[in-house]
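Okay, so here's the structure we're looking at.
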Amino acid sequence: MTTPNLILLTAAAAMTMAASAPSGEQTLSDTDRIEKWIGKTVVVFTPHPDDDTFACGGIMKILARNKNKVHVVIYTNDNKGSLDLDMTRERLAQIRRAEEEAACEVLGISKENITWLGYEDGDLEYADPQRLRGEACRLIKKFRPDAVFTIDPGEHTVQWHKTDHRMAANITQDAFIAAEWHLYYPQHLLDEGLKPYRVPLAFYYYSTEPNYTVDITSVFEEKIRASAKHVSQFEPSLSKYTPDMSEETLKGIRDWGTKHAKEGDKFVEKFRRAVEP
Ligand SMILES: [Zn+2]
C-alpha cells in the first residue's frame with residue numbers, strides 16, 4: 001500500500017477479512033445470479049458517499065450496464081472526514097456530494113438515482129432511530145427492490161466500524177422488518193399509498209462471512225476510475241484539499257484494488273447473500 005490514508009486502510013482491512021473468511025460459496029443457477037439480472041431494481045444503502053463505490057462499485061456497474069435500475073441511498077453527508085484545517089463542514093459536504101455523483105456517473109448511475117438522507121457525518125448513531133428506520137423503510141416501500149445491498153451487521157461491524165457503519169447496518173436491517181408490516185409506519189400507506197413490501201434478497205458487504213463472489217473483471221477499470229473520483233478521501237487532498245488527483249495516488253488506488261480484489265486471474269467482490277433477510 002503506497003497511499004497512507006484511513007479510507008484505503010479501512011477498506012483494505014474489510015476486503016482482507018472477507019478474503020480470508022471461510023468459504024461457503026453458494027451454488028446458484030445462472031438465472032439466480034444477480035450479475036445476470038436484467039430490468040430489475042436494486043437499492044444500495046451506504047453510510048457514507050464512498051463505501052458503496054469501494055465495496056459494491058463492480059456489481060453496481062454490472063447492474064447498470066445490464067439495464068437494471070440502481071438506487072443509492074446515502075445516510076450521511078460525510079462532512080467531517082478531512083484533515084485540512086481550512087476545510088469547513090459545509091464545503092466538505094458539497095465536495096463529497098459532487099465526488100459521489102461523479103463516481104456514480106462512471107458506474108452508469110445518474111444523480112437522480114441518489115437519495116441523500118443528509119445526516120451529519122459521525123452522528124448517525126445519535127439520530128432518532130425510529131425516525132431513521134422510518135426513512136429507510138419508506139424508501140424500501142417506494143423503490144420495492146428485488147435486492148438490497150447494505151453493510152453486514154454483527155460482530156465485525158461493532159468491533160471495527162465507526163458509528164455510522166454500525167448504525168447504517170442495523171437500521172437498514174431493522175427497516176426490512178418495518179417495511180413488511182404496514183402498522184409500523186402506517187402513515188406511509190395512509191398519506192402516500194406506499195404498500196408494505198418484503199425485501200426478497202440482501203447482499204451484505206464488508207462481511208466476514210461472504211458466500212457469494214461476483215466476477216468484476218470486465219468492469220474493474222470502471223471501479224478504479226469511480227474510486228478515484230473520491231479525491232478528497234485520499235492524500236494529499238485529505239490533508240490539503242485539491243480537486244486534482246496525483247498520479248501517485250491513482251497508482252495507490254489501483255494497487256490497492258488489484259491486491260485486494262484479485263482472486264486467481266479474476267477481480268472479484270464478495271458478499272453475504274441472504275434470501276428473505
Ligand atoms: Zn464509511
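We name chains A, B, ... following the order of the C-alpha cells; residues begin at 1 in each chain, and ligands are numbered from 1 as shown.
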If we count only C-alpha atoms and set the cut-off at 10 Å, which residues sit around Pro129 in chain A, ignoring sequence neighbours fewer than 3 positions away in its own chain? Please answer as a PyMOL selection string. chain A and resi 124-126+132-135+167+170-171+174
Deliver the residues from the most recent selection as a file, using N, CA and C atoms, as a PDB file, in the first residue's frame.
ATOM      1  N   LEU A 124     -24.687   9.520  13.054  1.00  0.00           N
ATOM      2  CA  LEU A 124     -25.840   8.696  12.700  1.00  0.00           C
ATOM      3  C   LEU A 124     -26.373   7.917  13.903  1.00  0.00           C
ATOM      4  N   GLU A 125     -25.462   7.491  14.764  1.00  0.00           N
ATOM      5  CA  GLU A 125     -25.877   6.708  15.926  1.00  0.00           C
ATOM      6  C   GLU A 125     -26.623   7.560  16.952  1.00  0.00           C
ATOM      7  N   TYR A 126     -26.493   8.877  16.793  1.00  0.00           N
ATOM      8  CA  TYR A 126     -27.127   9.782  17.750  1.00  0.00           C
ATOM      9  C   TYR A 126     -28.399  10.411  17.174  1.00  0.00           C
ATOM     10  N   LEU A 132     -35.187   7.435  11.739  1.00  0.00           N
ATOM     11  CA  LEU A 132     -34.214   6.961  10.747  1.00  0.00           C
ATOM     12  C   LEU A 132     -34.693   5.660  10.100  1.00  0.00           C
ATOM     13  N   ARG A 133     -35.142   4.732  10.934  1.00  0.00           N
ATOM     14  CA  ARG A 133     -35.665   3.471  10.402  1.00  0.00           C
ATOM     15  C   ARG A 133     -36.856   3.738   9.484  1.00  0.00           C
ATOM     16  N   GLY A 134     -37.692   4.697   9.868  1.00  0.00           N
ATOM     17  CA  GLY A 134     -38.859   5.042   9.048  1.00  0.00           C
ATOM     18  C   GLY A 134     -38.454   5.557   7.668  1.00  0.00           C
ATOM     19  N   GLU A 135     -37.369   6.326   7.631  1.00  0.00           N
ATOM     20  CA  GLU A 135     -36.918   6.860   6.333  1.00  0.00           C
ATOM     21  C   GLU A 135     -36.425   5.734   5.428  1.00  0.00           C
ATOM     22  N   MET A 167     -24.553   1.896  12.720  1.00  0.00           N
ATOM     23  CA  MET A 167     -25.950   2.332  12.698  1.00  0.00           C
ATOM     24  C   MET A 167     -26.596   2.034  11.338  1.00  0.00           C
ATOM     25  N   ASN A 170     -27.382  -1.712  11.156  1.00  0.00           N
ATOM     26  CA  ASN A 170     -28.516  -2.150  11.981  1.00  0.00           C
ATOM     27  C   ASN A 170     -29.838  -1.540  11.517  1.00  0.00           C
ATOM     28  N   ILE A 171     -29.804  -0.262  11.175  1.00  0.00           N
ATOM     29  CA  ILE A 171     -31.047   0.415  10.791  1.00  0.00           C
ATOM     30  C   ILE A 171     -31.604  -0.175   9.496  1.00  0.00           C
ATOM     31  N   ASP A 174     -33.184  -3.402  10.292  1.00  0.00           N
ATOM     32  CA  ASP A 174     -34.450  -3.186  11.002  1.00  0.00           C
ATOM     33  C   ASP A 174     -35.537  -2.669  10.058  1.00  0.00           C
TER      34      ASP A 174
END
Ligand 1: which residues are within 7 Å, counting only C-alpha atoms and all ligand atoms? Reply as a VMD selection string. chain A and resid 47 to 48 50 to 51 164 to 165
Would you mind listing what lies within 7 Å of Asn211 in chain A as a list in words, with only C-alpha atoms counted and same-chain residues fewer than 4 positions away left out?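 Residues near the query, excluding close chain neighbours: Ser23, Gly24, Glu25, Gln26, Phe271, Arg272 and Arg273 of chain A.
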Output C-alpha atoms for every residue in the selection just made, as a compact mmCIF listing (two decimals), in the first residue's frame.
# COMPACT_ATOMS: atom_id res chain seq x y z
CA SER A 23 -15.51 -20.15 2.06
CA GLY A 24 -19.16 -21.17 1.98
CA GLU A 25 -19.80 -20.13 -1.58
CA GLN A 26 -23.41 -20.57 -2.66
CA PHE A 271 -20.91 -10.52 -0.27
CA ARG A 272 -23.03 -12.46 2.18
CA ARG A 273 -26.16 -13.30 0.21
Could you jot down the CA of Asn68 in chain A to CA of Lys142 in chain A separation for me, Å, one decimal place?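 Value for the CA of Asn68 in chain A-CA of Lys142 in chain A distance: 16.3 Å.
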As number ranges by chain, list the residues of range 78-220 of chain A assigned to strand (DSSP E) by DSSP on the backbone atoms of this structure. A: 114-119, 147-151, 201-205, 212-215
Shell of 10 Å around range 222-233 of chain A, only C-alpha atoms, local chain residues under 4 positions omitted, as JSON, numbers by chain: {"A": [5, 6, 7, 8, 49, 50, 51, 52, 53, 54, 55, 56, 57, 58, 59, 60, 61, 81, 82, 83, 84, 92, 95, 96, 97, 98, 99, 100, 101, 102, 103, 104, 105, 106, 107, 108, 216, 217, 218, 237, 238, 239, 240, 241, 242, 243, 244, 245, 246, 249, 250, 251, 252, 253, 254, 255, 256, 257, 258]}
Take the residues that were just selected and, keeping C-alpha atoms, output them as a PDB file, in the first residue's frame.
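Output saved as again-v6.pdb:
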ATOM      1  CA  ASN A   5      -4.844   7.113   4.437  1.00  0.00           C
ATOM      2  CA  LEU A   6      -7.710   5.944   6.536  1.00  0.00           C
ATOM      3  CA  ILE A   7     -10.064   5.059   3.743  1.00  0.00           C
ATOM      4  CA  LEU A   8      -7.653   2.784   1.984  1.00  0.00           C
ATOM      5  CA  PRO A  49     -20.678   8.534  -0.111  1.00  0.00           C
ATOM      6  CA  ASP A  50     -17.804   6.152  -0.843  1.00  0.00           C
ATOM      7  CA  ASP A  51     -18.483   2.838   0.936  1.00  0.00           C
ATOM      8  CA  ASP A  52     -20.840   1.909  -1.899  1.00  0.00           C
ATOM      9  CA  THR A  53     -18.136   2.546  -4.509  1.00  0.00           C
ATOM     10  CA  PHE A  54     -15.372   0.701  -2.663  1.00  0.00           C
ATOM     11  CA  ALA A  55     -17.483  -2.313  -1.639  1.00  0.00           C
ATOM     12  CA  CYS A  56     -20.001  -2.612  -4.486  1.00  0.00           C
ATOM     13  CA  GLY A  57     -18.714  -0.494  -7.399  1.00  0.00           C
ATOM     14  CA  GLY A  58     -18.163  -3.514  -9.618  1.00  0.00           C
ATOM     15  CA  ILE A  59     -21.601  -5.055  -9.212  1.00  0.00           C
ATOM     16  CA  MET A  60     -23.215  -1.591  -9.386  1.00  0.00           C
ATOM     17  CA  LYS A  61     -21.603  -1.077 -12.787  1.00  0.00           C
ATOM     18  CA  GLY A  81     -13.553  13.459   7.385  1.00  0.00           C
ATOM     19  CA  SER A  82     -10.893  15.978   6.395  1.00  0.00           C
ATOM     20  CA  LEU A  83      -7.511  16.820   7.936  1.00  0.00           C
ATOM     21  CA  ASP A  84      -7.414  20.150   6.084  1.00  0.00           C
ATOM     22  CA  LEU A  92     -16.799  19.303   2.560  1.00  0.00           C
ATOM     23  CA  ILE A  95     -17.298  18.231  -2.244  1.00  0.00           C
ATOM     24  CA  ARG A  96     -18.365  14.769  -1.082  1.00  0.00           C
ATOM     25  CA  ARG A  97     -21.705  15.086  -2.883  1.00  0.00           C
ATOM     26  CA  ALA A  98     -20.032  16.060  -6.141  1.00  0.00           C
ATOM     27  CA  GLU A  99     -17.498  13.235  -5.792  1.00  0.00           C
ATOM     28  CA  GLU A 100     -20.221  10.647  -5.222  1.00  0.00           C
ATOM     29  CA  GLU A 101     -22.203  11.912  -8.194  1.00  0.00           C
ATOM     30  CA  ALA A 102     -19.073  11.694 -10.347  1.00  0.00           C
ATOM     31  CA  ALA A 103     -18.314   8.156  -9.095  1.00  0.00           C
ATOM     32  CA  CYS A 104     -21.881   7.044  -9.797  1.00  0.00           C
ATOM     33  CA  GLU A 105     -21.712   8.574 -13.263  1.00  0.00           C
ATOM     34  CA  VAL A 106     -18.678   6.380 -14.025  1.00  0.00           C
ATOM     35  CA  LEU A 107     -20.727   3.403 -12.835  1.00  0.00           C
ATOM     36  CA  GLY A 108     -23.644   4.341 -15.105  1.00  0.00           C
ATOM     37  CA  ILE A 216     -15.952  -7.896 -11.716  1.00  0.00           C
ATOM     38  CA  THR A 217     -13.029  -8.332 -14.105  1.00  0.00           C
ATOM     39  CA  SER A 218     -14.951  -6.814 -17.041  1.00  0.00           C
ATOM     40  CA  SER A 237      -6.232  16.010  -0.814  1.00  0.00           C
ATOM     41  CA  LEU A 238      -7.243  14.627   2.567  1.00  0.00           C
ATOM     42  CA  SER A 239      -4.745  16.939   4.315  1.00  0.00           C
ATOM     43  CA  LYS A 240      -4.873  19.896   1.918  1.00  0.00           C
ATOM     44  CA  TYR A 241      -7.832  19.838  -0.399  1.00  0.00           C
ATOM     45  CA  THR A 242      -7.219  19.946  -4.108  1.00  0.00           C
ATOM     46  CA  PRO A 243      -9.692  18.632  -6.677  1.00  0.00           C
ATOM     47  CA  ASP A 244      -6.866  17.075  -8.672  1.00  0.00           C
ATOM     48  CA  MET A 245      -5.630  13.570  -8.065  1.00  0.00           C
ATOM     49  CA  SER A 246      -1.921  12.927  -8.320  1.00  0.00           C
ATOM     50  CA  THR A 249      -2.479   8.494  -5.510  1.00  0.00           C
ATOM     51  CA  LEU A 250      -4.130   6.972  -8.550  1.00  0.00           C
ATOM     52  CA  LYS A 251      -1.443   4.324  -8.621  1.00  0.00           C
ATOM     53  CA  GLY A 252      -2.066   3.660  -4.908  1.00  0.00           C
ATOM     54  CA  ILE A 253      -5.786   3.137  -5.568  1.00  0.00           C
ATOM     55  CA  ARG A 254      -5.047   0.817  -8.462  1.00  0.00           C
ATOM     56  CA  ASP A 255      -2.504  -1.141  -6.421  1.00  0.00           C
ATOM     57  CA  TRP A 256      -4.969  -1.461  -3.562  1.00  0.00           C
ATOM     58  CA  GLY A 257      -7.762  -2.566  -5.875  1.00  0.00           C
ATOM     59  CA  THR A 258      -5.537  -5.053  -7.632  1.00  0.00           C
TER      60      THR A 258
END
Out of range 123-211 of chain A, which residues get alpha helix (DSSP H) from DSSP, as a ChimeraX atom specification? /A:129-143,155-160,163-180,187-192
Nearest to Trp181 in chain A among A:Gln130, A:Arg138, A:Arg89, A:Val158, with distances taken over only C-alpha atoms: which residue is it?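 So, comparing all the options, the nearest one is A:Arg138.
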Tell me which protein, DNA and RNA residues are within 7 Å of range 74-76 of chain A, counting only C-alpha atoms, leaving out same-chain ones fewer than 3 positions away, and put them as a list in words. Phe45, Thr46, Pro47, His48, Pro49, Thr115, Trp116, Leu117, Gly118, Tyr119, Glu120 and Asp121 of chain A
Please indicate the distance in Å from CA of Thr27 in chain A to CA of Tyr212 in chain A, rounded to one decimal place. 8.6 Å
